[in-house]
>>> print(open('upload12.tsv').read())   # TSV, C-alpha atoms
chain	number	residue	atom	x	y	z
A	77	MET	CA	102.29	19.42	-132.32
A	78	ILE	CA	101.90	22.50	-134.39
A	79	ALA	CA	98.10	22.18	-134.18
A	80	ALA	CA	98.19	22.07	-130.37
A	81	LEU	CA	100.65	24.96	-130.39
A	82	GLY	CA	98.34	26.90	-132.68
A	83	LEU	CA	95.39	26.28	-130.36
A	84	LEU	CA	97.45	27.57	-127.43
A	85	VAL	CA	98.59	30.63	-129.36
A	86	GLY	CA	95.00	31.41	-130.35
A	87	ILE	CA	93.75	31.12	-126.76
A	88	ILE	CA	96.54	33.35	-125.44
A	89	ALA	CA	95.95	35.90	-128.20
A	90	GLY	CA	92.25	35.99	-127.36
A	91	LEU	CA	93.00	36.46	-123.66
A	92	LEU	CA	95.53	39.21	-124.26
A	93	LEU	CA	93.74	41.16	-126.97
A	94	GLU	CA	90.23	40.88	-125.46
A	95	PRO	CA	88.56	42.00	-128.68
A	96	THR	CA	84.88	42.87	-128.76
A	97	VAL	CA	82.81	40.84	-131.15
A	98	PRO	CA	81.23	43.05	-133.82
A	99	LEU	CA	77.47	43.16	-133.61
A	100	TRP	CA	76.82	41.45	-136.95
A	101	LEU	CA	78.98	38.50	-135.92
A	102	GLN	CA	77.48	37.97	-132.49
A	103	PRO	CA	74.69	35.52	-133.38
A	104	TYR	CA	77.01	33.37	-135.55
A	105	LEU	CA	80.17	33.15	-133.48
A	106	PRO	CA	78.95	30.59	-130.90
A	107	ILE	CA	77.61	28.25	-133.58
A	108	ALA	CA	80.74	28.74	-135.68
A	109	VAL	CA	82.90	27.82	-132.70
A	110	VAL	CA	80.92	24.64	-132.10
A	111	ALA	CA	81.13	23.75	-135.80
A	112	ALA	CA	84.89	24.33	-135.81
A	113	LEU	CA	85.22	22.16	-132.72
A	114	ASP	CA	83.40	19.41	-134.60
A	115	ALA	CA	85.78	19.80	-137.53
A	116	VAL	CA	88.81	19.64	-135.25
A	117	PHE	CA	87.56	16.48	-133.55
A	118	GLY	CA	86.82	14.95	-136.93
A	119	GLY	CA	90.31	15.85	-138.09
A	120	LEU	CA	91.91	14.35	-135.00
A	121	ARG	CA	89.97	11.17	-135.51
A	122	ALA	CA	90.96	11.01	-139.17
A	123	PHE	CA	94.56	11.57	-138.15
A	124	LEU	CA	94.41	8.67	-135.71
A	125	ASP	CA	92.75	6.61	-138.42
A	126	GLY	CA	95.67	7.51	-140.63
A	127	ILE	CA	93.52	9.15	-143.26
A	128	PHE	CA	94.15	12.78	-142.31
A	129	ASP	CA	94.40	15.12	-145.23
A	130	ASP	CA	95.10	18.82	-144.81
A	131	ARG	CA	92.99	19.84	-147.80
A	132	VAL	CA	90.00	17.89	-146.52
A	133	PHE	CA	90.53	19.27	-143.03
A	134	THR	CA	90.69	22.86	-144.25
A	135	VAL	CA	87.64	22.48	-146.45
A	136	SER	CA	85.61	20.74	-143.75
A	137	PHE	CA	86.65	23.32	-141.16
A	138	LEU	CA	85.63	26.28	-143.30
A	139	SER	CA	82.51	24.69	-144.75
A	140	ASN	CA	81.33	23.64	-141.29
A	141	ILE	CA	81.63	27.24	-140.13
A	142	VAL	CA	79.92	28.66	-143.19
A	143	VAL	CA	77.08	26.16	-143.15
A	144	ALA	CA	76.47	26.65	-139.42
A	145	ALA	CA	76.40	30.43	-139.83
A	146	LEU	CA	74.14	30.10	-142.84
A	147	ILE	CA	71.67	27.93	-140.92
A	148	VAL	CA	71.56	30.43	-138.06
A	149	TYR	CA	71.11	33.32	-140.49
A	150	LEU	CA	68.32	31.51	-142.28
A	151	GLY	CA	66.67	30.62	-138.98
A	152	ASP	CA	66.82	34.24	-137.86
A	153	GLN	CA	65.22	35.36	-141.10
A	154	LEU	CA	62.48	32.77	-140.71
A	155	GLY	CA	61.90	33.63	-137.06
A	156	VAL	CA	63.03	30.24	-135.74
A	157	GLY	CA	66.62	31.29	-135.06
A	158	SER	CA	66.81	30.07	-131.48
A	159	GLN	CA	65.23	26.68	-132.24
A	160	LEU	CA	67.44	26.13	-135.27
A	161	SER	CA	70.52	27.14	-133.30
A	162	THR	CA	69.59	24.57	-130.69
A	163	GLY	CA	69.15	21.94	-133.40
A	164	VAL	CA	72.54	22.71	-134.96
A	165	VAL	CA	74.24	22.55	-131.55
A	166	VAL	CA	72.56	19.20	-130.80
A	167	VAL	CA	73.64	17.70	-134.12
A	168	LEU	CA	77.19	18.99	-133.81
A	169	GLY	CA	77.30	17.81	-130.21
A	170	ILE	CA	76.33	14.28	-131.24
A	171	ARG	CA	79.05	14.29	-133.91
A	172	ILE	CA	81.62	15.58	-131.43
A	173	PHE	CA	80.66	12.82	-129.01
A	174	SER	CA	80.94	10.07	-131.62
A	175	ASN	CA	84.29	11.41	-132.84
A	176	ALA	CA	85.50	11.64	-129.24
A	177	ALA	CA	84.42	8.01	-128.74
A	178	ALA	CA	86.41	6.92	-131.81
A	179	ILE	CA	89.45	8.87	-130.60
A	180	ARG	CA	89.10	7.26	-127.20
A	181	ARG	CA	89.06	3.84	-128.75
A	182	HIS	CA	92.24	4.64	-130.62
A	183	VAL	CA	94.07	6.08	-127.65
A	184	PHE	CA	92.90	3.88	-124.82
A	185	LYS	CA	91.88	0.82	-126.80
A	186	ALA	CA	88.60	0.91	-124.96
B	272	MET	CA	78.94	7.55	-128.00
B	273	THR	CA	77.60	4.76	-125.84
B	274	ASP	CA	79.97	3.34	-123.33
B	275	ALA	CA	79.08	-0.29	-123.82
B	276	PRO	CA	81.85	-2.64	-122.77
B	277	THR	CA	84.14	-2.68	-125.74
B	278	PRO	CA	85.69	-5.91	-126.85
B	279	PRO	CA	89.37	-6.18	-127.73
B	280	GLU	CA	90.43	-4.45	-130.89
B	281	HIS	CA	90.08	-7.30	-133.32
B	282	SER	CA	86.97	-9.06	-132.06
B	283	THR	CA	84.36	-10.25	-134.47
B	284	PRO	CA	83.22	-7.16	-136.35
B	285	PRO	CA	79.69	-8.37	-137.30
B	286	GLU	CA	78.63	-8.43	-133.66
B	287	HIS	CA	79.95	-4.94	-132.99
B	288	PRO	CA	79.65	-2.92	-136.13
B	289	ALA	CA	79.87	0.33	-134.16
B	290	HIS	CA	83.34	-0.55	-133.03
B	291	ALA	CA	84.60	-1.52	-136.41
B	292	GLU	CA	88.03	-0.34	-137.36
B	293	HIS	CA	87.01	2.68	-139.44
B	294	PRO	CA	83.58	4.00	-138.54
B	295	ALA	CA	84.75	7.35	-139.88
B	296	HIS	CA	83.95	6.15	-143.34
B	297	ALA	CA	80.27	6.16	-142.52
B	298	GLU	CA	80.11	9.37	-140.50
B	299	HIS	CA	82.81	11.34	-142.21
B	300	PRO	CA	82.59	10.94	-145.91
B	301	ALA	CA	84.77	14.03	-146.22
B	302	HIS	CA	87.64	12.28	-144.58
B	303	ALA	CA	86.90	9.06	-146.26
B	304	GLU	CA	87.66	10.51	-149.64
B	305	HIS	CA	91.32	9.79	-149.24
B	306	PRO	CA	91.69	6.23	-148.25
B	307	ALA	CA	94.76	6.09	-150.46
B	308	HIS	CA	96.52	8.18	-147.85
B	309	ALA	CA	96.26	5.35	-145.37
B	310	GLU	CA	99.39	3.28	-145.23
B	311	PRO	CA	98.97	-0.43	-145.39
B	312	ASP	CA	101.01	-0.94	-142.25
B	313	GLN	CA	99.48	1.67	-139.90
B	314	PRO	CA	100.94	2.29	-136.49
B	315	ARG	CA	98.36	2.11	-133.76
B	316	GLY	CA	96.56	5.28	-132.60
B	317	ARG	CA	98.62	5.94	-129.50
B	318	ALA	CA	101.92	5.53	-131.33
B	319	ARG	CA	100.63	7.80	-134.06
B	320	LEU	CA	99.69	10.40	-131.45
B	321	LEU	CA	103.17	10.22	-129.94
B	322	ALA	CA	104.72	10.52	-133.34
B	323	ALA	CA	102.64	13.61	-133.96
B	324	TRP	CA	104.36	15.44	-131.13
B	325	ARG	CA	107.50	15.64	-133.22
B	326	PRO	CA	107.15	19.00	-134.95
B	327	ARG	CA	107.26	18.73	-138.70
B	328	ALA	CA	106.81	21.87	-140.70
B	329	THR	CA	104.74	20.30	-143.35
B	330	ARG	CA	101.95	22.14	-145.09
B	331	ALA	CA	99.39	19.97	-143.35
B	332	GLN	CA	100.79	20.71	-139.91
B	333	LEU	CA	100.98	24.45	-140.54
B	334	LEU	CA	97.44	24.60	-141.89
B	335	ALA	CA	96.04	22.62	-138.99
B	336	GLY	CA	97.94	24.82	-136.58
B	337	LEU	CA	96.58	27.96	-138.18
B	338	LEU	CA	92.99	26.72	-138.11
B	339	CYS	CA	93.37	25.57	-134.52
B	340	ALA	CA	94.70	29.01	-133.61
B	341	VAL	CA	91.62	30.56	-135.21
B	342	LEU	CA	89.42	28.16	-133.25
B	343	GLY	CA	91.13	28.92	-129.94
B	344	PHE	CA	90.91	32.63	-130.56
B	345	ALA	CA	87.23	32.48	-131.46
B	346	LEU	CA	86.53	30.22	-128.48
B	347	VAL	CA	88.09	32.57	-125.97
B	348	VAL	CA	86.51	35.62	-127.54
B	349	GLN	CA	83.09	34.02	-127.44
B	350	VAL	CA	83.50	32.94	-123.84
B	351	GLN	CA	84.55	36.43	-122.81
B	352	GLN	CA	81.74	37.96	-124.81
B	353	ASN	CA	79.31	35.67	-123.06
B	354	GLN	CA	80.60	36.65	-119.66
B	355	THR	CA	80.56	40.40	-120.20
B	356	GLY	CA	78.01	41.79	-122.63
B	357	ASN	CA	75.34	39.20	-122.15
B	358	LEU	CA	72.37	41.50	-122.82
B	359	SER	CA	73.32	42.27	-126.41
B	360	THR	CA	73.25	38.60	-127.40
B	361	LEU	CA	69.80	37.92	-125.97
B	362	ARG	CA	66.71	37.61	-128.08
B	363	GLN	CA	63.78	39.97	-128.00
B	364	SER	CA	61.48	37.82	-125.86
B	365	ASP	CA	64.18	37.28	-123.25
B	366	LEU	CA	64.92	40.98	-123.22
B	367	LEU	CA	61.23	41.73	-122.70
B	368	VAL	CA	61.09	39.39	-119.71
B	369	ILE	CA	64.18	41.01	-118.23
B	370	LEU	CA	62.80	44.48	-118.88
B	371	ASP	CA	59.55	43.55	-117.21
B	372	THR	CA	61.33	42.18	-114.17
B	373	VAL	CA	63.55	45.20	-113.88
B	374	THR	CA	60.57	47.53	-114.21
B	375	LYS	CA	58.67	45.72	-111.49
B	376	ARG	CA	61.69	45.70	-109.25
B	377	SER	CA	62.36	49.39	-109.74
B	378	ARG	CA	58.72	50.20	-109.06
B	379	SER	CA	58.76	48.30	-105.79
B	380	LEU	CA	62.02	49.96	-104.85
B	381	GLU	CA	60.52	53.36	-105.64
B	382	ASP	CA	57.56	52.55	-103.39
B	383	GLN	CA	59.91	51.52	-100.66
B	384	ALA	CA	61.95	54.69	-101.05
B	385	GLN	CA	58.77	56.78	-100.84
B	386	ARG	CA	57.66	55.01	-97.67
B	387	LEU	CA	61.05	55.52	-96.08
B	388	GLU	CA	61.03	59.16	-97.14
B	389	GLN	CA	57.67	59.69	-95.45
B	390	GLN	CA	58.87	57.93	-92.35
B	391	ARG	CA	61.95	60.10	-92.28
B	392	ALA	CA	59.88	63.26	-92.67
B	393	GLN	CA	57.62	62.16	-89.83
B	394	LEU	CA	60.55	61.46	-87.57
B	395	GLN	CA	62.17	64.74	-88.55
B	396	SER	CA	59.06	66.78	-87.79
B	397	GLY	CA	58.67	64.87	-84.55
B	398	VAL	CA	62.18	65.85	-83.56
B	399	ASP	CA	61.52	69.45	-84.56
B	400	ARG	CA	58.30	69.52	-82.58
B	401	ALA	CA	59.98	68.01	-79.55
B	402	GLY	CA	62.77	70.60	-79.80
B	403	ALA	CA	60.26	73.46	-80.09
B	404	ALA	CA	58.27	72.12	-77.14
B	405	GLN	CA	61.42	71.89	-75.08
B	406	GLN	CA	62.37	75.45	-76.04
B	407	ALA	CA	58.95	76.73	-75.07
B	408	ALA	CA	59.06	74.79	-71.81
B	409	LEU	CA	62.44	76.26	-70.95
B	410	GLN	CA	61.22	79.80	-71.64
B	411	GLN	CA	58.14	79.18	-69.52
B	412	LEU	CA	60.31	77.75	-66.77
B	413	ALA	CA	62.51	80.89	-66.78
B	414	ALA	CA	59.41	83.10	-66.56
B	415	TYR	CA	58.00	81.07	-63.69
B	416	GLU	CA	61.30	81.15	-61.87
B	417	ILE	CA	61.30	84.95	-62.00
B	418	LEU	CA	57.66	85.17	-61.00
B	419	THR	CA	58.13	82.82	-58.04
B	420	GLY	CA	61.35	84.63	-57.13
B	421	THR	CA	63.58	81.58	-57.15
B	422	GLN	CA	66.06	83.09	-59.61
B	423	PRO	CA	67.76	86.50	-59.70
B	424	ALA	CA	66.30	88.86	-62.28
B	425	GLN	CA	67.60	91.81	-64.24
B	426	GLY	CA	65.96	94.50	-66.34
B	427	PRO	CA	64.93	98.15	-66.52
B	428	GLY	CA	63.04	99.57	-63.58
B	429	ILE	CA	63.23	101.95	-60.65
B	430	GLN	CA	64.94	102.20	-57.29
B	431	LEU	CA	62.92	103.60	-54.40
B	432	ASP	CA	64.75	104.73	-51.29
B	433	ILE	CA	62.63	105.36	-48.20
B	434	ALA	CA	64.34	107.31	-45.43
B	435	ASP	CA	62.55	106.71	-42.14
B	436	PRO	CA	64.57	108.30	-39.33
B	437	GLN	CA	61.83	107.93	-36.68
B	438	ILE	CA	60.69	104.43	-37.63
B	439	THR	CA	57.21	105.67	-38.42
B	440	VAL	CA	56.63	103.78	-41.64
B	441	SER	CA	54.30	100.89	-40.92
B	442	ALA	CA	54.10	97.53	-42.65
B	443	THR	CA	50.80	98.63	-44.15
B	444	THR	CA	52.45	101.58	-45.89
B	445	LEU	CA	55.10	99.33	-47.37
B	446	LEU	CA	52.44	96.84	-48.46
B	447	ASP	CA	50.53	99.69	-50.10
B	448	ALA	CA	53.67	100.70	-51.95
B	449	VAL	CA	54.22	97.09	-53.12
B	450	GLU	CA	50.60	96.79	-54.27
B	451	GLU	CA	50.84	100.07	-56.09
B	452	LEU	CA	53.98	98.92	-57.88
B	453	ARG	CA	52.36	95.57	-58.76
B	454	ASN	CA	49.39	97.39	-60.25
B	455	ALA	CA	51.82	99.43	-62.32
B	456	GLY	CA	53.24	96.24	-63.79
B	457	ALA	CA	56.19	95.39	-61.59
B	458	GLU	CA	57.55	91.96	-62.45
B	459	ALA	CA	60.22	91.45	-59.78
B	460	MET	CA	60.79	93.32	-56.53
B	461	GLN	CA	62.93	93.18	-53.45
B	462	ILE	CA	62.86	95.17	-50.23
B	463	GLY	CA	66.17	95.24	-48.47
B	464	ASP	CA	67.45	91.71	-49.02
B	465	VAL	CA	64.02	90.06	-49.24
B	466	ARG	CA	62.46	89.08	-52.53
B	467	ILE	CA	58.81	90.06	-52.83
B	468	VAL	CA	56.65	87.21	-54.11
B	469	ALA	CA	52.93	86.44	-53.98
B	470	SER	CA	53.11	84.98	-50.49
B	471	THR	CA	55.34	87.63	-48.95
B	472	SER	CA	54.00	88.87	-45.62
B	473	PHE	CA	54.45	92.27	-44.05
B	474	ALA	CA	54.26	92.81	-40.30
B	475	ASP	CA	55.27	95.53	-37.83
B	476	ASP	CA	58.24	94.67	-35.69
B	477	PRO	CA	57.09	94.37	-32.07
B	478	ASN	CA	60.26	96.16	-30.94
B	479	ARG	CA	59.76	98.96	-33.50
B	480	ARG	CA	63.15	98.53	-35.12
B	481	GLY	CA	61.74	98.31	-38.65
B	482	VAL	CA	59.40	96.04	-40.57
B	483	LEU	CA	59.20	92.27	-40.69
B	484	VAL	CA	59.09	91.18	-44.31
B	485	ASP	CA	58.55	87.43	-44.61
B	486	GLN	CA	59.48	87.15	-40.91
B	487	GLN	CA	62.80	88.86	-41.64
B	488	LEU	CA	63.60	92.18	-39.98
B	489	VAL	CA	64.32	94.93	-42.50
B	490	ARG	CA	65.68	98.12	-40.99
B	491	PRO	CA	65.31	101.59	-42.52
B	492	PRO	CA	66.31	103.16	-44.78
B	493	TYR	CA	64.38	100.80	-46.98
B	494	ARG	CA	65.65	100.27	-50.50
B	495	VAL	CA	63.06	98.87	-52.90
B	496	LEU	CA	64.32	97.53	-56.26
B	497	VAL	CA	61.62	97.08	-58.91
B	498	ILE	CA	61.85	95.66	-62.41
B	499	GLY	CA	59.17	96.89	-64.76
B	500	ASP	CA	58.39	99.72	-67.12
B	501	PRO	CA	59.98	102.84	-65.48
B	502	ALA	CA	57.57	105.14	-67.32
B	503	ALA	CA	54.65	103.34	-65.67
B	504	LEU	CA	56.17	102.66	-62.26
B	505	ALA	CA	57.36	106.19	-61.44
B	506	PRO	CA	54.03	107.96	-62.00
B	507	ALA	CA	52.26	105.27	-60.00
B	508	LEU	CA	54.25	106.31	-56.96
B	509	GLU	CA	53.81	110.03	-57.58
B	510	ILE	CA	50.04	110.19	-57.95
B	511	PRO	CA	48.36	112.49	-55.41
B	512	GLY	CA	47.43	110.54	-52.27
B	513	GLY	CA	49.77	107.80	-53.43
B	514	VAL	CA	52.77	106.17	-51.84
B	515	LEU	CA	55.04	109.20	-51.75
B	516	ASP	CA	52.30	111.39	-50.23
B	517	ALA	CA	51.57	108.76	-47.60
B	518	LEU	CA	55.26	108.62	-46.68
B	519	LYS	CA	55.38	112.41	-46.28
B	520	GLN	CA	52.45	112.26	-43.89
B	521	VAL	CA	54.44	110.03	-41.52
B	522	ASN	CA	57.58	112.19	-41.74
B	523	ALA	CA	59.40	109.81	-44.03
B	524	THR	CA	60.80	110.69	-47.46
B	525	GLY	CA	60.72	108.55	-50.50
B	526	THR	CA	63.08	109.22	-53.43
B	527	GLN	CA	62.96	107.27	-56.61
B	528	GLN	CA	65.20	107.08	-59.63
B	529	ARG	CA	64.63	105.40	-62.95
B	530	LEU	CA	67.36	102.96	-63.93
B	531	GLY	CA	68.17	101.25	-67.20
B	532	THR	CA	69.29	98.12	-65.40
B	533	VAL	CA	68.04	96.95	-62.04
B	534	ASP	CA	69.49	93.82	-60.45
B	535	VAL	CA	67.07	91.95	-58.24
B	536	ARG	CA	69.51	89.54	-56.65
B	537	ALA	CA	67.54	88.35	-53.65
B	538	VAL	CA	65.85	85.00	-54.11
B	539	HIS	CA	62.89	83.38	-52.43
B	540	LYS	CA	63.21	79.79	-51.21
B	541	LEU	CA	60.27	77.61	-52.11
B	542	GLY	CA	59.08	75.28	-49.41
B	543	ALA	CA	57.99	71.80	-50.33
B	544	LEU	CA	54.30	71.55	-51.04
B	545	THR	CA	52.47	69.45	-48.52
B	546	TYR	CA	48.95	69.27	-49.90
B	547	ALA	CA	48.67	70.69	-53.39
B	548	ARG	CA	49.50	68.40	-56.30
B	549	PRO	CA	49.23	69.05	-60.02
B	550	ALA	CA	45.74	68.15	-61.20
B	551	PRO	CA	45.63	65.51	-63.95
B	552	ALA	CA	45.19	67.04	-67.38
B	553	PRO	CA	41.55	66.94	-68.48
B	554	SER	CA	41.19	64.21	-71.07
B	555	PRO	CA	39.93	65.64	-74.35
>>> encode(input="upload12.tsv", output="structure tokens")
Amino acid sequence: MIAALGLLVGIIAGLLLEPTVPLWLQPYLPIAVVAALDAVFGGLRAFLDGIFDDRVFTVSFLSNIVVAALIVYLGDQLGVGSQLSTGVVVVLGIRIFSNAAAIRRHVFKA
Amino acid sequence: MTDAPTPPEHSTPPEHPAHAEHPAHAEHPAHAEHPAHAEPDQPRGRARLLAAWRPRATRAQLLAGLLCAVLGFALVVQVQQNQTGNLSTLRQSDLLVILDTVTKRSRSLEDQAQRLEQQRAQLQSGVDRAGAAQQAALQQLAAYEILTGTQPAQGPGIQLDIADPQITVSATTLLDAVEELRNAGAEAMQIGDVRIVASTSFADDPNRRGVLVDQQLVRPPYRVLVIGDPAALAPALEIPGGVLDALKQVNATGTQQRLGTVDVRAVHKLGALTYARPAPAPSP
């Protein structure tokens, strides 16, 4: 409940404030968002599995973001930033899909 | 991820390991670290989801809410960023391609603008030329109308009055006077109410009442209105043996006065041409 509320509050705040992303953050924000999405789906699945833990969720959320940003930064330094970004998005996308499948099984029993 | 037909919840696990009860343990070791948290008698997923809608201000709920708020905020910001300032997020190679395209496009547009500019200049000069030609044609037309006597004319000149009490002035004398005035540069003339043009005829009246000018009887005293340079016209009449002397010999008197403005109001009617047609312009 509070998580869904928080998501709503964040979306509304973003729509109302319309902040500009600082230049140094621009390459990392999209990947960070995808990584956070992965963490949220993982958390939801763990919750439905009955093994949700707030400490684990927080750590996985933050570490996902940091690791994703780090990979993009490293890729940019090595000159393979776009390819590595694609790779990270693919991996995170697969994880999001598998988590979504597990959630679906819990909710719809199918 | 695959949507293979899923068996009921508690089917034989060895056949469908992917659908086992807790695949999270394999894919999510982070979440698997706390199996102790799991109650032995778990409610099913849907019931758990419904239960979650009851707000409980636990630390876990608040933390999850906060992180979800951060996620939503970042999501919206990124989406908006992507929609507005899309150039700043592009990589160098993409920017080069875009720059190249834009350069080509602007060059072709510049070419087009130049062509249109030239076309416009051509049309403009054509219009100007047509206007100038029309102006010249109108001026020429006005000159021809005065020369052919179809329009009234006005200008400096002289007025010659010939008193002829005994009707002794012949058509020849008047014709001499007209020729003399033409030689002196007369541009428009009228005798009485008859305009003098190139084809004007002079004849003696058979009944000796005056002179027939263009078949029209003009009775004395004759008034001749002439437009031209007064300083040239007046001496032409006064030269010894000239028009005025000739008039004196036949007992007539001619008096002239120079005028700043002479109105030649009589007009000559042009007859339709029967034979002459404009010759085709010689082809260059």
>>> residues_around(input="upload12.tsv", residues="range 97-101 of chain A", least_positions_apart="5", cutoff="8 Å", atoms="all atoms listed in the file", output="MDAnalysis selection string")
chainID B and resid 348:349 352
>>> interface_residues(input="upload12.tsv", of="chain A", to="chain B", cutoff="7 Å", atoms="only C-alpha atoms", output="ChimeraX atom specification")
/A:77-87,89-91,94-95,102-103,105-106,109,112,122,124,126-128,130,132,173-174,177,182-183,185-186
>>> atom_distance(input="upload12.tsv", atom1="CA of Arg171 in chain A", atom2="CA of Ala108 in chain A")
14.7 Å
>>> residues_around(input="upload12.tsv", residues="Ser161 in chain A", least_positions_apart="2", cutoff="12 Å", atoms="only C-alpha atoms", output="VMD selection string")
chain A and resid 103 to 108 110 to 111 143 to 152 155 to 159 163 to 169
>>> residues_around(input="upload12.tsv", residues="Leu445 in chain B", least_positions_apart="6", cutoff="9 Å", atoms="all atoms listed in the file", output="list in words")
Phe473, Val482 and Val514 of chain B
>>> atom_distance(input="upload12.tsv", atom1="CA of Lys540 in chain B", atom2="CA of Thr421 in chain B")
6.2 Å
>>> atom_distance(input="upload12.tsv", atom1="CA of Gly531 in chain B", atom2="CA of Ala414 in chain B")
20.2 Å
>>> residues_around(input="upload12.tsv", residues="Asn478 in chain B", least_positions_apart="5", cutoff="12 Å", atoms="all atoms listed in the file", output="list in words")
Ile438, Leu483, Leu488 and Arg490 of chain B
>>> residues_around(input="upload12.tsv", residues="range 446-455 of chain B", least_positions_apart="4", cutoff="9 Å", atoms="all atoms listed in the file", output="PyMOL selection string")
chain B and resi 441-442+459-460+467+472-473+497+499-500+503-508+513-515
>>> write_last_selection(input="upload12.tsv", atoms="C-alpha atoms", output="mmCIF file, in the frame of the given file")
data_model
loop_
_atom_site.group_PDB
_atom_site.id
_atom_site.type_symbol
_atom_site.label_atom_id
_atom_site.label_comp_id
_atom_site.auth_asym_id
_atom_site.auth_seq_id
_atom_site.Cartn_x
_atom_site.Cartn_y
_atom_site.Cartn_z
ATOM 1 C CA SER B 441 54.300 100.890 -40.920
ATOM 2 C CA ALA B 442 54.100 97.530 -42.650
ATOM 3 C CA ALA B 459 60.220 91.450 -59.780
ATOM 4 C CA MET B 460 60.790 93.320 -56.530
ATOM 5 C CA ILE B 467 58.810 90.060 -52.830
ATOM 6 C CA SER B 472 54.000 88.870 -45.620
ATOM 7 C CA PHE B 473 54.450 92.270 -44.050
ATOM 8 C CA VAL B 497 61.620 97.080 -58.910
ATOM 9 C CA GLY B 499 59.170 96.890 -64.760
ATOM 10 C CA ASP B 500 58.390 99.720 -67.120
ATOM 11 C CA ALA B 503 54.650 103.340 -65.670
ATOM 12 C CA LEU B 504 56.170 102.660 -62.260
ATOM 13 C CA ALA B 505 57.360 106.190 -61.440
ATOM 14 C CA PRO B 506 54.030 107.960 -62.000
ATOM 15 C CA ALA B 507 52.260 105.270 -60.000
ATOM 16 C CA LEU B 508 54.250 106.310 -56.960
ATOM 17 C CA GLY B 513 49.770 107.800 -53.430
ATOM 18 C CA VAL B 514 52.770 106.170 -51.840
ATOM 19 C CA LEU B 515 55.040 109.200 -51.750
#
>>> build_atoms(input="upload12.tsv", residues="range 102-115 of chain A", atoms="N, CA and C atoms", output="compact mmCIF listing (two decimals), in the coordinates of the input")
# COMPACT_ATOMS: atom_id res chain seq x y z
N GLN A 102 77.82 38.55 -133.79
CA GLN A 102 77.48 37.97 -132.49
C GLN A 102 76.56 36.75 -132.54
N PRO A 103 75.53 36.72 -133.39
CA PRO A 103 74.69 35.52 -133.38
C PRO A 103 75.40 34.30 -133.94
N TYR A 104 76.42 34.50 -134.82
CA TYR A 104 77.01 33.37 -135.55
C TYR A 104 78.23 32.80 -134.86
N LEU A 105 78.91 33.61 -134.05
CA LEU A 105 80.17 33.15 -133.48
C LEU A 105 80.02 31.89 -132.62
N PRO A 106 79.03 31.81 -131.72
CA PRO A 106 78.95 30.59 -130.90
C PRO A 106 78.76 29.34 -131.74
N ILE A 107 77.87 29.41 -132.73
CA ILE A 107 77.61 28.25 -133.58
C ILE A 107 78.86 27.92 -134.39
N ALA A 108 79.54 28.97 -134.89
CA ALA A 108 80.74 28.74 -135.68
C ALA A 108 81.80 28.05 -134.84
N VAL A 109 81.90 28.44 -133.57
CA VAL A 109 82.90 27.82 -132.70
C VAL A 109 82.58 26.34 -132.51
N VAL A 110 81.30 26.04 -132.29
CA VAL A 110 80.92 24.64 -132.10
C VAL A 110 81.20 23.84 -133.37
N ALA A 111 80.89 24.44 -134.53
CA ALA A 111 81.13 23.75 -135.80
C ALA A 111 82.62 23.50 -136.00
N ALA A 112 83.45 24.49 -135.67
CA ALA A 112 84.89 24.33 -135.81
C ALA A 112 85.41 23.25 -134.87
N LEU A 113 84.83 23.22 -133.66
CA LEU A 113 85.22 22.16 -132.72
C LEU A 113 84.94 20.79 -133.33
N ASP A 114 83.77 20.68 -133.95
CA ASP A 114 83.40 19.41 -134.60
C ASP A 114 84.42 19.06 -135.67
N ALA A 115 84.80 20.06 -136.47
CA ALA A 115 85.78 19.80 -137.53
C ALA A 115 87.11 19.35 -136.95
